[in-house]
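S.K.: Below is start39.cif; it holds mmCIF, C-alpha atoms.
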data_protein
#
loop_
_atom_site.group_PDB
_atom_site.id
_atom_site.type_symbol
_atom_site.label_atom_id
_atom_site.label_comp_id
_atom_site.auth_asym_id
_atom_site.auth_seq_id
_atom_site.Cartn_x
_atom_site.Cartn_y
_atom_site.Cartn_z
ATOM 1 C CA MET Z 69 41.762 107.893 78.721
ATOM 2 C CA SER Z 70 43.863 110.108 80.984
ATOM 3 C CA ASN Z 71 47.144 111.815 80.310
ATOM 4 C CA ASN Z 72 49.720 113.685 82.345
ATOM 5 C CA SER Z 73 48.029 117.078 82.015
ATOM 6 C CA SER Z 74 44.764 115.768 83.521
ATOM 7 C CA ILE Z 75 46.430 114.058 86.504
ATOM 8 C CA SER Z 76 46.774 116.441 89.443
ATOM 9 C CA HIS Z 77 47.632 113.800 92.037
ATOM 10 C CA PHE Z 78 48.403 110.095 92.553
ATOM 11 C CA LEU Z 79 46.900 107.644 95.017
ATOM 12 C CA LEU Z 80 49.495 105.807 97.108
ATOM 13 C CA LEU Z 81 49.025 102.320 98.497
ATOM 14 C CA ALA Z 82 47.440 102.356 101.946
ATOM 15 C CA LEU Z 83 49.572 100.657 104.582
ATOM 16 C CA ALA Z 84 46.467 99.145 106.226
ATOM 17 C CA ASP Z 85 42.698 98.924 105.839
ATOM 18 C CA THR Z 86 41.651 99.857 109.372
ATOM 19 C CA TRP Z 87 42.371 102.932 111.490
ATOM 20 C CA GLN Z 88 43.895 100.831 114.295
ATOM 21 C CA LEU Z 89 46.404 99.201 111.926
ATOM 22 C CA GLN Z 90 47.179 102.554 110.323
ATOM 23 C CA LEU Z 91 47.968 103.969 113.761
ATOM 24 C CA LEU Z 92 50.175 100.939 114.439
ATOM 25 C CA HIS Z 93 52.046 101.525 111.167
ATOM 26 C CA PHE Z 94 52.437 105.198 112.078
ATOM 27 C CA CYS Z 95 54.046 104.276 115.401
ATOM 28 C CA LEU Z 96 56.274 101.675 113.719
ATOM 29 C CA LEU Z 97 57.471 104.140 111.072
ATOM 30 C CA LEU Z 98 57.986 106.807 113.744
ATOM 31 C CA GLY Z 99 60.166 104.434 115.761
ATOM 32 C CA ILE Z 100 62.238 103.401 112.720
ATOM 33 C CA SER Z 101 62.695 106.994 111.555
ATOM 34 C CA LEU Z 102 63.754 108.151 115.040
ATOM 35 C CA ALA Z 103 66.242 105.268 115.237
ATOM 36 C CA ALA Z 104 67.621 106.240 111.805
ATOM 37 C CA LEU Z 105 67.883 109.924 112.768
ATOM 38 C CA LEU Z 106 69.574 109.109 116.074
ATOM 39 C CA GLY Z 107 71.956 106.469 114.698
ATOM 40 C CA ASN Z 108 73.039 108.357 111.590
ATOM 41 C CA GLY Z 109 73.170 111.658 113.466
ATOM 42 C CA LEU Z 110 75.530 110.131 116.051
ATOM 43 C CA VAL Z 111 77.749 108.671 113.314
ATOM 44 C CA ILE Z 112 77.936 112.032 111.504
ATOM 45 C CA SER Z 113 78.700 113.919 114.740
ATOM 46 C CA ALA Z 114 81.262 111.365 115.939
ATOM 47 C CA VAL Z 115 83.165 111.334 112.650
ATOM 48 C CA ALA Z 116 83.007 115.107 112.237
ATOM 49 C CA CYS Z 117 84.171 115.816 115.807
ATOM 50 C CA GLY Z 118 86.651 112.953 116.237
ATOM 51 C CA HIS Z 119 89.923 113.953 114.564
ATOM 52 C CA HIS Z 120 91.268 110.398 114.854
ATOM 53 C CA LEU Z 121 88.335 109.277 112.663
ATOM 54 C CA HIS Z 122 89.324 111.550 109.777
ATOM 55 C CA THR Z 123 90.308 108.589 107.582
ATOM 56 C CA PRO Z 124 88.952 107.514 104.167
ATOM 57 C CA MET Z 125 86.769 104.738 105.608
ATOM 58 C CA PHE Z 126 85.043 107.038 108.119
ATOM 59 C CA PHE Z 127 84.810 109.887 105.601
ATOM 60 C CA PHE Z 128 82.809 107.642 103.259
ATOM 61 C CA LEU Z 129 80.781 106.353 106.215
ATOM 62 C CA LEU Z 130 79.834 109.954 107.041
ATOM 63 C CA ASN Z 131 78.639 110.449 103.461
ATOM 64 C CA LEU Z 132 76.712 107.170 103.653
ATOM 65 C CA ALA Z 133 74.980 108.349 106.830
ATOM 66 C CA LEU Z 134 73.980 111.589 105.082
ATOM 67 C CA SER Z 135 72.493 109.670 102.136
ATOM 68 C CA SER Z 136 70.668 107.326 104.547
ATOM 69 C CA LEU Z 137 69.102 110.306 106.321
ATOM 70 C CA GLY Z 138 68.011 111.763 102.989
ATOM 71 C CA SER Z 139 66.553 108.435 101.870
ATOM 72 C CA ILE Z 140 64.400 107.857 104.931
ATOM 73 C CA CYS Z 141 63.275 111.510 105.077
ATOM 74 C CA THR Z 142 62.040 111.207 101.469
ATOM 75 C CA THR Z 143 59.589 108.335 101.992
ATOM 76 C CA VAL Z 144 58.670 108.020 105.663
ATOM 77 C CA PRO Z 145 57.186 111.471 106.541
ATOM 78 C CA LYS Z 146 54.586 111.273 103.749
ATOM 79 C CA ALA Z 147 53.701 107.669 104.677
ATOM 80 C CA MET Z 148 53.305 108.695 108.331
ATOM 81 C CA HIS Z 149 51.135 111.673 107.334
ATOM 82 C CA ASN Z 150 48.890 109.470 105.173
ATOM 83 C CA SER Z 151 48.550 106.849 107.915
ATOM 84 C CA LEU Z 152 47.692 109.418 110.586
ATOM 85 C CA TRP Z 153 45.219 111.411 108.481
ATOM 86 C CA ASP Z 154 43.752 108.381 106.647
ATOM 87 C CA THR Z 155 44.527 109.642 103.149
ATOM 88 C CA ARG Z 156 46.342 108.295 100.094
ATOM 89 C CA ASN Z 157 46.901 111.461 98.043
ATOM 90 C CA ILE Z 158 50.200 112.851 96.832
ATOM 91 C CA SER Z 159 50.388 115.730 94.348
ATOM 92 C CA TYR Z 160 51.818 115.240 90.858
ATOM 93 C CA LYS Z 161 54.761 117.549 91.637
ATOM 94 C CA GLY Z 162 55.205 115.932 95.030
ATOM 95 C CA CYS Z 163 55.347 112.508 93.393
ATOM 96 C CA ALA Z 164 57.943 113.715 90.873
ATOM 97 C CA ALA Z 165 60.038 115.206 93.701
ATOM 98 C CA GLN Z 166 59.791 111.970 95.673
ATOM 99 C CA VAL Z 167 60.894 109.892 92.663
ATOM 100 C CA PHE Z 168 63.852 112.202 92.062
ATOM 101 C CA LEU Z 169 64.965 112.230 95.706
ATOM 102 C CA ILE Z 170 64.632 108.482 96.294
ATOM 103 C CA ILE Z 171 66.651 107.697 93.145
ATOM 104 C CA PHE Z 172 69.177 110.375 94.098
ATOM 105 C CA PHE Z 173 69.744 109.106 97.645
ATOM 106 C CA LEU Z 174 69.600 105.388 96.799
ATOM 107 C CA GLY Z 175 71.936 105.982 93.848
ATOM 108 C CA THR Z 176 74.337 107.892 96.089
ATOM 109 C CA GLU Z 177 74.191 105.073 98.640
ATOM 110 C CA LEU Z 178 75.006 102.467 95.990
ATOM 111 C CA ALA Z 179 77.889 104.584 94.642
ATOM 112 C CA LEU Z 180 79.279 105.137 98.141
ATOM 113 C CA LEU Z 181 79.025 101.430 99.007
ATOM 114 C CA THR Z 182 80.940 100.689 95.797
ATOM 115 C CA ILE Z 183 83.634 103.242 96.730
ATOM 116 C CA MET Z 184 83.829 101.795 100.252
ATOM 117 C CA CYS Z 185 84.393 98.406 98.660
ATOM 118 C CA TYR Z 186 87.310 99.932 96.740
ATOM 119 C CA ASP Z 187 88.606 101.352 100.036
ATOM 120 C CA ARG Z 188 88.600 97.856 101.580
ATOM 121 C CA TYR Z 189 90.244 96.414 98.457
ATOM 122 C CA VAL Z 190 93.126 98.916 98.536
ATOM 123 C CA SER Z 191 93.499 98.578 102.322
ATOM 124 C CA ILE Z 192 93.873 94.782 102.180
ATOM 125 C CA CYS Z 193 95.299 94.065 98.716
ATOM 126 C CA LYS Z 194 97.510 97.158 98.231
ATOM 127 C CA PRO Z 195 98.293 98.491 101.723
ATOM 128 C CA LEU Z 196 101.537 100.194 100.650
ATOM 129 C CA ASP Z 197 99.661 102.309 98.077
ATOM 130 C CA TYR Z 198 96.773 103.197 100.426
ATOM 131 C CA GLY Z 199 97.979 106.719 101.225
ATOM 132 C CA THR Z 200 98.557 107.460 97.539
ATOM 133 C CA LEU Z 201 95.369 105.974 96.086
ATOM 134 C CA LEU Z 202 93.111 107.226 98.876
ATOM 135 C CA GLY Z 203 94.537 110.594 99.834
ATOM 136 C CA SER Z 204 92.269 113.375 101.083
ATOM 137 C CA ARG Z 205 91.906 114.930 97.638
ATOM 138 C CA ALA Z 206 91.157 111.575 95.976
ATOM 139 C CA CYS Z 207 88.518 110.792 98.627
ATOM 140 C CA ALA Z 208 86.860 114.191 98.160
ATOM 141 C CA HIS Z 209 86.788 113.681 94.388
ATOM 142 C CA MET Z 210 85.269 110.197 94.719
ATOM 143 C CA ALA Z 211 82.595 111.381 97.153
ATOM 144 C CA ALA Z 212 81.740 114.341 94.909
ATOM 145 C CA ALA Z 213 81.557 112.007 91.899
ATOM 146 C CA ALA Z 214 79.156 109.723 93.812
ATOM 147 C CA TRP Z 215 76.781 112.588 94.661
ATOM 148 C CA ALA Z 216 77.035 114.221 91.218
ATOM 149 C CA SER Z 217 76.516 111.003 89.237
ATOM 150 C CA ALA Z 218 73.522 110.089 91.430
ATOM 151 C CA PHE Z 219 72.067 113.566 90.870
ATOM 152 C CA LEU Z 220 72.398 113.335 87.079
ATOM 153 C CA ASN Z 221 71.040 109.768 87.063
ATOM 154 C CA ALA Z 222 68.039 110.794 89.184
ATOM 155 C CA LEU Z 223 67.356 113.831 86.998
ATOM 156 C CA LEU Z 224 67.530 111.753 83.790
ATOM 157 C CA HIS Z 225 65.239 109.026 85.103
ATOM 158 C CA THR Z 226 62.725 111.434 86.629
ATOM 159 C CA VAL Z 227 62.421 113.481 83.436
ATOM 160 C CA SER Z 228 62.208 110.324 81.294
ATOM 161 C CA THR Z 229 59.543 108.749 83.505
ATOM 162 C CA PHE Z 230 57.286 111.790 83.893
ATOM 163 C CA SER Z 231 57.456 112.618 80.184
ATOM 164 C CA LEU Z 232 55.698 109.302 79.419
ATOM 165 C CA PRO Z 233 51.958 109.547 78.648
ATOM 166 C CA LEU Z 234 49.831 107.960 81.396
ATOM 167 C CA CYS Z 235 46.707 106.056 80.365
ATOM 168 C CA HIS Z 236 45.878 103.744 83.271
ATOM 169 C CA GLY Z 237 44.622 105.964 86.056
ATOM 170 C CA ASN Z 238 46.560 107.380 88.984
ATOM 171 C CA ALA Z 239 46.612 104.579 91.603
ATOM 172 C CA LEU Z 240 50.101 103.376 92.564
ATOM 173 C CA GLY Z 241 50.715 99.978 94.142
ATOM 174 C CA GLN Z 242 53.318 101.345 96.559
ATOM 175 C CA PHE Z 243 53.348 103.542 99.686
ATOM 176 C CA PHE Z 244 55.708 105.987 97.959
ATOM 177 C CA CYS Z 245 56.249 107.068 94.356
ATOM 178 C CA GLU Z 246 58.736 104.918 92.471
ATOM 179 C CA ILE Z 247 59.476 104.434 88.782
ATOM 180 C CA PRO Z 248 58.230 100.810 88.305
ATOM 181 C CA GLN Z 249 54.790 101.751 89.652
ATOM 182 C CA ILE Z 250 54.523 104.837 87.428
ATOM 183 C CA LEU Z 251 55.633 102.840 84.386
ATOM 184 C CA LYS Z 252 52.651 100.533 84.981
ATOM 185 C CA LEU Z 253 50.361 103.523 84.410
ATOM 186 C CA SER Z 254 52.024 104.539 81.120
ATOM 187 C CA CYS Z 255 50.478 103.899 77.718
ATOM 188 C CA SER Z 256 51.297 100.755 75.760
ATOM 189 C CA GLN Z 257 52.703 102.716 72.808
ATOM 190 C CA SER Z 258 55.534 104.016 75.002
ATOM 191 C CA LYS Z 259 57.068 100.561 75.559
ATOM 192 C CA LEU Z 260 60.378 101.483 73.922
ATOM 193 C CA ARG Z 261 60.869 104.490 76.206
ATOM 194 C CA LYS Z 262 59.879 102.393 79.223
ATOM 195 C CA LEU Z 263 62.479 99.816 78.209
ATOM 196 C CA GLY Z 264 65.119 102.561 77.973
ATOM 197 C CA VAL Z 265 64.414 103.677 81.550
ATOM 198 C CA ILE Z 266 64.619 100.100 82.856
ATOM 199 C CA VAL Z 267 67.811 99.244 80.924
ATOM 200 C CA GLY Z 268 69.515 102.453 82.087
ATOM 201 C CA SER Z 269 68.847 101.654 85.748
ATOM 202 C CA SER Z 270 69.840 98.002 85.330
ATOM 203 C CA CYS Z 271 73.166 98.805 83.657
ATOM 204 C CA LEU Z 272 74.177 101.227 86.417
ATOM 205 C CA GLY Z 273 73.280 98.790 89.184
ATOM 206 C CA LEU Z 274 74.868 95.843 87.375
ATOM 207 C CA GLY Z 275 78.118 97.741 86.881
ATOM 208 C CA CYS Z 276 78.384 98.477 90.625
ATOM 209 C CA PHE Z 277 77.432 94.884 91.474
ATOM 210 C CA ILE Z 278 80.123 93.414 89.181
ATOM 211 C CA PHE Z 279 82.774 95.760 90.613
ATOM 212 C CA ILE Z 280 81.809 94.805 94.187
ATOM 213 C CA VAL Z 281 81.871 91.058 93.463
ATOM 214 C CA PHE Z 282 85.237 91.316 91.661
ATOM 215 C CA SER Z 283 86.725 93.379 94.518
ATOM 216 C CA TYR Z 284 85.574 90.946 97.197
ATOM 217 C CA VAL Z 285 86.958 87.973 95.266
ATOM 218 C CA GLN Z 286 90.350 89.704 95.290
ATOM 219 C CA ILE Z 287 89.944 90.642 98.972
ATOM 220 C CA PHE Z 288 89.120 87.083 100.049
ATOM 221 C CA ARG Z 289 92.035 85.696 98.042
ATOM 222 C CA ALA Z 290 94.394 88.174 99.718
ATOM 223 C CA VAL Z 291 92.993 87.462 103.198
ATOM 224 C CA LEU Z 292 93.352 83.690 102.805
ATOM 225 C CA ARG Z 293 97.042 84.201 101.997
ATOM 226 C CA ILE Z 294 97.654 85.908 105.367
ATOM 227 C CA PRO Z 295 99.662 83.376 107.420
ATOM 228 C CA SER Z 296 98.364 84.161 110.926
ATOM 229 C CA LYS Z 297 94.851 83.317 112.061
ATOM 230 C CA GLN Z 298 94.620 86.591 113.999
ATOM 231 C CA GLY Z 299 95.595 88.572 110.892
ATOM 232 C CA ARG Z 300 92.938 86.844 108.813
ATOM 233 C CA TYR Z 301 90.303 87.508 111.472
ATOM 234 C CA LYS Z 302 91.239 91.195 111.712
ATOM 235 C CA ALA Z 303 91.093 91.615 107.913
ATOM 236 C CA PHE Z 304 87.732 89.853 107.674
ATOM 237 C CA SER Z 305 86.290 91.873 110.565
ATOM 238 C CA THR Z 306 86.939 95.157 108.719
ATOM 239 C CA CYS Z 307 84.934 93.861 105.735
ATOM 240 C CA LEU Z 308 81.993 92.239 107.530
ATOM 241 C CA PRO Z 309 79.953 95.413 108.289
ATOM 242 C CA HIS Z 310 80.277 96.648 104.698
ATOM 243 C CA LEU Z 311 79.449 93.189 103.344
ATOM 244 C CA ALA Z 312 76.365 92.936 105.589
ATOM 245 C CA VAL Z 313 75.075 96.397 104.594
ATOM 246 C CA ILE Z 314 75.598 95.938 100.864
ATOM 247 C CA SER Z 315 74.124 92.407 100.889
ATOM 248 C CA MET Z 316 70.944 93.654 102.579
ATOM 249 C CA PHE Z 317 70.730 96.680 100.280
ATOM 250 C CA LEU Z 318 71.282 94.865 96.970
ATOM 251 C CA SER Z 319 69.390 91.631 97.724
ATOM 252 C CA THR Z 320 66.152 93.404 98.670
ATOM 253 C CA ILE Z 321 66.274 95.806 95.700
ATOM 254 C CA LEU Z 322 67.108 93.049 93.199
ATOM 255 C CA PHE Z 323 64.424 90.711 94.533
ATOM 256 C CA ALA Z 324 61.832 93.506 94.699
ATOM 257 C CA HIS Z 325 62.290 94.516 91.059
ATOM 258 C CA LEU Z 326 63.419 91.271 89.368
ATOM 259 C CA LYS Z 327 61.132 88.729 91.028
ATOM 260 C CA PRO Z 328 58.739 86.770 88.718
ATOM 261 C CA PRO Z 329 55.302 88.398 88.198
ATOM 262 C CA SER Z 330 53.683 85.263 89.636
ATOM 263 C CA MET Z 331 55.255 86.065 93.035
ATOM 264 C CA SER Z 332 54.022 89.656 93.053
ATOM 265 C CA SER Z 333 51.402 90.684 95.596
ATOM 266 C CA PRO Z 334 50.612 94.025 97.300
ATOM 267 C CA SER Z 335 51.666 92.751 100.738
ATOM 268 C CA LEU Z 336 54.958 91.269 99.481
ATOM 269 C CA ASP Z 337 55.771 94.378 97.426
ATOM 270 C CA LEU Z 338 55.075 96.539 100.485
ATOM 271 C CA ALA Z 339 57.286 94.411 102.736
ATOM 272 C CA LEU Z 340 60.160 94.430 100.227
ATOM 273 C CA SER Z 341 59.929 98.187 99.683
ATOM 274 C CA LEU Z 342 60.129 98.718 103.452
ATOM 275 C CA LEU Z 343 63.181 96.445 103.571
ATOM 276 C CA TYR Z 344 65.191 98.397 101.006
ATOM 277 C CA SER Z 345 63.941 101.962 101.578
ATOM 278 C CA VAL Z 346 63.271 102.228 105.316
ATOM 279 C CA VAL Z 347 65.108 99.486 107.240
ATOM 280 C CA PRO Z 348 68.713 99.925 105.900
ATOM 281 C CA PRO Z 349 69.005 103.630 106.879
ATOM 282 C CA ALA Z 350 68.033 102.671 110.435
ATOM 283 C CA LEU Z 351 70.294 99.596 110.653
ATOM 284 C CA ASN Z 352 73.424 100.865 108.843
ATOM 285 C CA PRO Z 353 74.878 102.927 111.730
ATOM 286 C CA PHE Z 354 74.302 100.095 114.208
ATOM 287 C CA ILE Z 355 75.890 97.491 111.912
ATOM 288 C CA TYR Z 356 79.004 99.617 111.414
ATOM 289 C CA SER Z 357 79.382 100.645 115.055
ATOM 290 C CA LEU Z 358 78.770 97.087 116.295
ATOM 291 C CA ARG Z 359 81.983 95.773 114.700
ATOM 292 C CA ASN Z 360 84.110 98.927 114.850
ATOM 293 C CA GLN Z 361 85.577 99.691 118.252
ATOM 294 C CA GLU Z 362 86.899 103.131 117.214
ATOM 295 C CA LEU Z 363 83.485 104.307 116.052
ATOM 296 C CA LYS Z 364 81.752 102.763 119.054
ATOM 297 C CA ALA Z 365 84.147 104.525 121.425
ATOM 298 C CA ALA Z 366 83.746 107.864 119.601
ATOM 299 C CA VAL Z 367 79.933 107.632 119.729
ATOM 300 C CA TRP Z 368 80.071 106.729 123.431
ATOM 301 C CA ARG Z 369 82.356 109.696 124.194
ATOM 302 C CA LEU Z 370 80.011 111.968 122.253
ATOM 303 C CA MET Z 371 76.957 110.744 124.180
ATOM 304 C CA THR Z 372 78.585 110.855 127.611
ATOM 305 C CA GLY Z 373 80.014 114.309 126.866
ATOM 306 C CA CYS Z 374 76.528 115.621 125.997
ATOM 307 C CA PHE Z 375 75.047 114.166 129.207
ATOM 308 C CA GLN Z 376 77.844 115.596 131.374
ATOM 309 C CA GLU Z 377 77.265 119.088 129.969
ATOM 310 C CA HIS Z 378 73.624 118.905 131.021
#
Represent the structure contained in this file as structure tokens.

M.R.:
Amino acid sequence: MSNNSSISHFLLLALADTWQLQLLHFCLLLGISLAALLGNGLVISAVACGHHLHTPMFFFLLNLALSSLGSICTTVPKAMHNSLWDTRNISYKGCAAQVFLIIFFLGTELALLTIMCYDRYVSICKPLDYGTLLGSRACAHMAAAAWASAFLNALLHTVSTFSLPLCHGNALGQFFCEIPQILKLSCSQSKLRKLGVIVGSSCLGLGCFIFIVFSYVQIFRAVLRIPSKQGRYKAFSTCLPHLAVISMFLSTILFAHLKPPSMSSPSLDLALSLLYSVVPPALNPFIYSLRNQELKAAVWRLMTGCFQEH
């Protein structure tokens, strides 16, 4: 029987069984990570440099892009390294750091998406109070609260998880370290502590989910009361990118961790983990810029300005 002190490393799930497929996965992950770095980097630069984009919506979008970059940089480089060098090892401390960072960045992303939902709610349902409720100081406080609460949540869950005794080896059924996989290795006598970790995560996510659903019910009711068809379309179009991003983010996470055990398989778990940890950071900037003409124009000016200088 093993315990934490005797485990020096964990074995991650291999992305493929053959060298050719591992090389293919390496190239795929490289392409996705480059797309995420380019897309989020352009959004951050465009918002930071474009003074006309210094509004609450774009301020929170900038923070979301930062959290997306952190999220993909936490999981993808190690997976690419393991695929290229045909290894599965990750150190115990490296695994703990990866757990902390992925919870931190995903938690920040969820908090920011919830705040952005509040931004849309105030913009559509209480437009006269928008400047008061979402002033520069209020936005800074909300963004700081999102990062700080995610940090404390990640610290609590990481400490709680890695203080559990491990009795079932060191092989993880995932290509990166995450809490559900580590809990599977913990001893049976620590069930109560395992339950505490799961309930804590569920309550936080459920609270954000309920707030988002309630806000969008109010938003849709307000939009449907707008008399003109053009006004309704304009109001809906400002919500669609956020709704698409949060639907993709929440649906994949919820299905990945709440699906029945009978549906679980290594290939399905791997596909779902890629969908919620790797794909959203790459797609988010393109989803937002696709429907937002101001952001699209700012990104285009930034790109053309860089090319003209060279």

S.K.: From the options Z:Ile183, Z:Leu232, Z:Ile280, Z:Ala165, which residue's atoms come nearest to Ala214 of chain Z, counting only C-alpha atoms?

M.R.: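 Comparing Z:Ile183, Z:Leu232, Z:Ile280, Z:Ala165 against Ala214 of chain Z, the winner is Z:Ile183.
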
S.K.: Contacts between segment 138-145 of chain Z and segment 151-186 of chain Z, please, where a residue of segment 151-186 of chain Z counts if it comes within 7 Å (with all atoms listed in the file); show its shortest atom pair and distance in Å to one decimal, rows by chain and ascending number, as CSV.

M.R.:
residue,atom,partner,partner_atom,distance
Z:Gln166,CA,Z:Thr142,CA,6.3
Z:Leu169,CA,Z:Thr142,CA,6.5
Z:Ile170,CA,Z:Ser139,CA,5.9
Z:Phe173,CA,Z:Ser139,CA,5.3
Z:Leu174,CA,Z:Ser139,CA,6.7

S.K.: Considering all atoms listed in the file, state which residue in the set Z:Thr229, Z:Thr182, Z:Ser270, Z:Asn238 is at the smallest distance from Leu251 of chain Z.

M.R.: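 Smallest distance to Leu251 of chain Z is found for Z:Thr229.
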
S.K.: Atom CA of Leu178 of chain Z to atom CA of Phe323 of chain Z: how many Å, to one decimal?

M.R.: 15.9 Å

S.K.: So how many Å separate atom CA of Ala222 of chain Z and atom CA of Pro309 of chain Z, to one decimal?

M.R.: 27.3 Å

S.K.: Please evaluate the PyMOL selection byres ((chain Z and resi 92-103) around 9) against the structure above and give the resulting residues as a list in words.

M.R.: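 On the file shown, the PyMOL selection byres ((chain Z and resi 92-103) around 9) covers Leu83, Ala84, Trp87, Gln88, Leu89, Gln90, Leu91, Ala104, Leu105, Leu106, Gly107, Asn108, Leu137, Ile140, Cys141, Val144, Pro145, Ala147, Met148, His149, Asn150, Ser151, Leu152, Val346, Val347, Pro349, Ala350 and Leu351 of chain Z.
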
S.K.: Could you give me, as a list in words, the residues within 7 Å of Ala366 of chain Z, counting all atoms listed in the file and dropping anything in the same chain fewer than 4 positions from it?

M.R.: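 Skipping anything fewer than 4 positions along the chain leaves Ala114, Gly118, Glu362 and Leu370 of chain Z.
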
S.K.: On this structure, the PyMOL selection byres ((chain Z and resi 247) around 12) would catch which residues? List them as a count of residues only, sorted by chain and number.

M.R.: 37

S.K.: Using only C-alpha atoms, can you tell me which of Z:Ala212, Z:Leu132, Z:Ile321, Z:Cys255 comes closest to Pro233 of chain Z?

M.R.: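 Checking each of Z:Ala212, Z:Leu132, Z:Ile321, Z:Cys255 against Pro233 of chain Z, counting only C-alpha atoms, the winner is Z:Cys255.
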
S.K.: Which distance in Å separates atom CA of His209 of chain Z and atom CA of Pro353 of chain Z, to one decimal?

M.R.: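 Computing the Euclidean distance for atom CA of His209 of chain Z and atom CA of Pro353 of chain Z yields 23.6 Å.
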
S.K.: Which residues would end up in the selection if the PyMOL selection byres ((chain Z and resi 300-308) around 10) were applied here, given that I need the answer as a list in words?

M.R.: Met184, Cys185, Arg188, Tyr189, Ser191, Ile192, Tyr284, Ile287, Phe288, Ala290, Val291, Leu292, Arg293, Ile294, Pro295, Ser296, Lys297, Gln298, Gly299, Pro309, His310, Leu311, Ala312, Val313, Ile314, Ile355, Tyr356, Arg359 and Asn360 of chain Z

S.K.: Got a sec: who's within 9 Å of Gly175 of chain Z, counting only C-alpha atoms, leaving out chain neighbours fewer than 6 positions off, as a list of chain:residue names?

M.R.: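 The residues satisfying every condition are Z:Ala214, Z:Trp215, Z:Ser217, Z:Ala218, Z:Phe219, Z:Asn221, Z:Ala222, Z:Gly273.
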
S.K.: So that I have them on file, write out the residues from the current selection with C-alpha atoms, as a PDB file, keeping the file's coordinate frame.

M.R.:
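The resulting file, selection-v4.pdb, is shown below:
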ATOM      1  CA  ALA Z 214      79.156 109.723  93.812  1.00  0.00           C
ATOM      2  CA  TRP Z 215      76.781 112.588  94.661  1.00  0.00           C
ATOM      3  CA  SER Z 217      76.516 111.003  89.237  1.00  0.00           C
ATOM      4  CA  ALA Z 218      73.522 110.089  91.430  1.00  0.00           C
ATOM      5  CA  PHE Z 219      72.067 113.566  90.870  1.00  0.00           C
ATOM      6  CA  ASN Z 221      71.040 109.768  87.063  1.00  0.00           C
ATOM      7  CA  ALA Z 222      68.039 110.794  89.184  1.00  0.00           C
ATOM      8  CA  GLY Z 273      73.280  98.790  89.184  1.00  0.00           C
TER       9      GLY Z 273
END
